[in-house]
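This report refers to the structure that appears directly beneath it.
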Amino acid sequence: MTGMWQELAAQFEAETGLKTQLIATGPKAALVEPFQHGEVDVLTMHSSDETTDLVANGFGMNLRPWARNEHTIVGPASDPAGIRGMKAGAEALKKIAAARAPFVDFYGPGSRELTHKLWQRAGLKPEGDWVLKDESASPQEIVAFAEKKQAYVVVGRIPVTNGKMALGKMEVLVEGDPEMRRPYVVIEANAKKFPQTNCTGARVLADWLTGEKGQAFVLEYGRKAPGGIPLYYPVSIPDDSGK
């Protein structure tokens with residue numbers, strides 16, 4: 001979606017002489033299925049119960065984190081809770097709860113998991129008529145739904161930046177919080193279950209992503225992001241925020 005993988009793959013190929021082939025992109029189901037059938041050598045996706053199960057069930061091995069992406073809090077320009085410019089998502093949620101300002105519990109698995117973690121960090125259990133059920137027609141329409149309700153919602157920076165989730169008259173109000181990042185992991189196909197896979201190439205790519213060169217690529221790619229806030233962060237070396 002962002003072009004990052006294409007640029008990363010080109011650098012990996014230039015440095016190692018190995019060629020990569022992108023088999024599948026998209027939501028979790030589109031990635032998990034071909035991996036379970038031994039059709040790919042390497043899988044990278046957001047860390048989740050699904051990724052843990054792939055290893056536990058013997059489809060994959062050597063699960064390792066290698067990058068993170070950021071989530072933000074989007075809300076109406078009127079900003080009734082006064083959270084604009086805050087850098088701590090949990091503190092922003094405290095202000096939203098105190099103001100009983102409308103807040104949409106986005107059904108997207110990644111955003112919901114992250115949001116629940118922030119509520120726990122805030123020491124609050126969101127309850128009341130100000131907490132709105134997600135009734136959007138699709139995940140891509142969640143911001144438009146929140147706009148109709150003049151409500152806050154936690155969403156990923158990438159779909160907002162790329163227009164996959166149209167902002168409309170809504171604004172990104174809270175950003176830059178290291179606690180609002182979700183990790184990507186890389187998993188190698190289990191050669192014992194899928195002997196036809198390229199286990200050697202898979203290990204080279206996974207080692208490159210998690211090693212010095214791959215991590216340096218993620219850091220430099222992040223620094224080129226429009227607006228100065230990266231779409232991706234490395235996991236093994238500090239980014240510009242010191243995290």
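We label chains A, B, ... in the order they appear in the structure tokens, count residues from 1 in each chain, and number ligands from 1 in the order shown.
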### Task
Give me the residues within 9 Å of A:Pro234 as an MDAnalysis selection string, counting only C-alpha atoms and dropping any in the same chain fewer than 2 places off.
chainID A and resid 66:68 210 214:219 222 232 236:239
### Message
When you look at A:Phe35 with a cut-off of 10 Å (counting only C-alpha atoms), what residues show up, excluding the ones that are within fewer than 2 positions of it in the same chain? I need them as a PyMOL selection string.
### Response
chain A and resi 23-24+30-33+37-43+54+59-60+187-190+194
Please produce an output containing N, CA, C and O atoms for each residue in the selection, written as a compact mmCIF listing (two decimals), in the first residue's frame.
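Once written, selection.txt looks like this:
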# COMPACT_ATOMS: atom_id res chain seq x y z
N ILE A 23 3.67 -13.01 -3.26
CA ILE A 23 2.61 -13.96 -3.59
C ILE A 23 1.23 -13.44 -3.21
O ILE A 23 0.26 -13.60 -3.95
N ALA A 24 1.12 -12.82 -2.04
CA ALA A 24 -0.19 -12.37 -1.56
C ALA A 24 -0.04 -11.15 -0.68
O ALA A 24 0.93 -11.02 0.07
N ALA A 30 -6.09 -13.56 3.78
CA ALA A 30 -5.43 -13.69 2.48
C ALA A 30 -3.97 -14.07 2.62
O ALA A 30 -3.37 -14.59 1.69
N LEU A 31 -3.40 -13.82 3.79
CA LEU A 31 -1.99 -14.14 4.03
C LEU A 31 -1.84 -15.51 4.69
O LEU A 31 -0.93 -16.27 4.35
N VAL A 32 -2.70 -15.79 5.65
CA VAL A 32 -2.58 -17.03 6.41
C VAL A 32 -2.83 -18.26 5.54
O VAL A 32 -2.12 -19.27 5.63
N GLU A 33 -3.83 -18.19 4.65
CA GLU A 33 -4.22 -19.37 3.87
C GLU A 33 -3.08 -19.90 3.00
O GLU A 33 -2.78 -21.10 3.06
N HIS A 37 -0.80 -23.59 3.35
CA HIS A 37 -0.75 -24.57 2.26
C HIS A 37 0.66 -24.75 1.70
O HIS A 37 0.84 -25.46 0.70
N GLY A 38 1.64 -24.12 2.33
CA GLY A 38 3.01 -24.28 1.88
C GLY A 38 3.31 -23.61 0.55
O GLY A 38 4.22 -24.03 -0.17
N GLU A 39 2.56 -22.55 0.23
CA GLU A 39 2.73 -21.87 -1.05
C GLU A 39 3.72 -20.72 -1.00
O GLU A 39 4.05 -20.14 -2.03
N VAL A 40 4.17 -20.37 0.21
CA VAL A 40 5.13 -19.28 0.35
C VAL A 40 6.24 -19.71 1.32
O VAL A 40 6.05 -20.60 2.15
N ASP A 41 7.38 -19.05 1.22
CA ASP A 41 8.52 -19.37 2.06
C ASP A 41 8.57 -18.51 3.31
O ASP A 41 9.05 -18.96 4.36
N VAL A 42 8.10 -17.27 3.20
CA VAL A 42 8.17 -16.32 4.30
C VAL A 42 6.84 -15.58 4.39
O VAL A 42 6.23 -15.23 3.37
N LEU A 43 6.40 -15.33 5.61
CA LEU A 43 5.20 -14.54 5.86
C LEU A 43 5.55 -13.37 6.77
O LEU A 43 6.24 -13.55 7.77
N LEU A 54 0.10 -20.03 13.93
CA LEU A 54 0.81 -20.59 12.79
C LEU A 54 2.07 -21.32 13.24
O LEU A 54 2.42 -22.37 12.69
N PHE A 59 2.99 -24.78 11.20
CA PHE A 59 3.10 -24.27 9.83
C PHE A 59 4.34 -23.40 9.65
O PHE A 59 4.92 -23.35 8.57
N GLY A 60 4.71 -22.68 10.70
CA GLY A 60 5.84 -21.76 10.61
C GLY A 60 6.80 -21.93 11.76
O GLY A 60 6.55 -22.67 12.72
N ILE A 187 7.81 -14.72 9.75
CA ILE A 187 7.77 -16.15 10.08
C ILE A 187 8.29 -16.93 8.87
O ILE A 187 7.89 -16.68 7.73
N GLU A 188 9.16 -17.89 9.13
CA GLU A 188 9.66 -18.77 8.07
C GLU A 188 8.78 -20.02 7.99
O GLU A 188 8.31 -20.52 9.01
N ALA A 189 8.55 -20.50 6.79
CA ALA A 189 7.80 -21.74 6.63
C ALA A 189 8.57 -22.89 7.30
O ALA A 189 9.80 -22.93 7.27
N ASN A 190 7.85 -23.80 7.92
CA ASN A 190 8.46 -24.96 8.58
C ASN A 190 8.86 -25.98 7.52
O ASN A 190 8.00 -26.61 6.90
N PHE A 194 6.76 -28.48 5.15
CA PHE A 194 6.72 -28.09 3.73
C PHE A 194 8.12 -28.20 3.13
O PHE A 194 8.81 -27.19 2.95
Between stretch 55-105 of chain A and stretch 150-157 of chain A, at 12 Å or less, what are the per-residue closest atom pairs and their distances in Å? Count only C-alpha atoms, order by chain and rising residue number, and return it as a tab-separated table.
residue	atom	partner	partner_atom	distance
A:Arg68	CA	A:Gly156	CA	11.3
A:Asn69	CA	A:Arg157	CA	7.7
A:Glu70	CA	A:Arg157	CA	5.8
A:His71	CA	A:Gly156	CA	4.1
A:Thr72	CA	A:Val155	CA	5.6
A:Ile73	CA	A:Val154	CA	4.5
A:Val74	CA	A:Val153	CA	5.5
A:Gly75	CA	A:Tyr152	CA	4.2
A:Pro76	CA	A:Gln150	CA	5.6
A:Ala77	CA	A:Gln150	CA	8.9
A:Ser78	CA	A:Gln150	CA	8.7
A:Asp79	CA	A:Tyr152	CA	8.6
A:Pro80	CA	A:Ala151	CA	9.3
A:Ala81	CA	A:Tyr152	CA	9.4
A:Gly82	CA	A:Tyr152	CA	11.3
A:Ile83	CA	A:Tyr152	CA	10.1
A:Arg84	CA	A:Tyr152	CA	11.3
A:Gly89	CA	A:Val154	CA	9.2
A:Ala90	CA	A:Val154	CA	11.3
A:Ala92	CA	A:Tyr152	CA	10.4
A:Leu93	CA	A:Tyr152	CA	9.4
A:Lys95	CA	A:Tyr152	CA	11.4
A:Ile96	CA	A:Tyr152	CA	8.2
A:Ala97	CA	A:Tyr152	CA	10.8
A:Ala99	CA	A:Tyr152	CA	11.9
A:Arg100	CA	A:Ala151	CA	10.4
A:Ala101	CA	A:Ala151	CA	7.0
A:Pro102	CA	A:Ala151	CA	4.5
A:Phe103	CA	A:Tyr152	CA	4.7
A:Val104	CA	A:Val153	CA	5.3
A:Asp105	CA	A:Val153	CA	7.0
### Message
If we count only C-alpha atoms and set the cut-off at 9 Å, which residues sit around A:Met1, ignoring sequence neighbours fewer than 2 positions away in its own chain? Please answer as a list in words.
### Response
Gly3, Met4, Trp5, Ile158, Pro159 and Asn162 of chain A
### Message
So that I can check the surroundings of A:Lys87, please list as a list of chain:residue names every protein, DNA and RNA residue that reaches within 8 Å of it, counting only C-alpha atoms and ignoring chain neighbours fewer than 4 positions away.
### Response
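The contact residues come out as A:Val174, A:Glu175, A:Gly176, A:Asp177.
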Those residues you just picked out, can you put them in a file as a PDB file, in the first residue's frame with C-alpha atoms?
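The result, stored in part08.pdb:
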ATOM      1  CA  VAL A 174      -3.131  12.561  18.705  1.00  0.00           C
ATOM      2  CA  GLU A 175      -0.031  11.055  17.118  1.00  0.00           C
ATOM      3  CA  GLY A 176       3.571  10.178  17.892  1.00  0.00           C
ATOM      4  CA  ASP A 177       2.901   7.911  20.903  1.00  0.00           C
TER       5      ASP A 177
END
### Query
Just asking: which residues within stretch 129-182 of chain A are strand (DSSP E or B) according to DSSP, as a PyMOL selection string?
chain A and resi 131-133+152-156+170-174+181-182
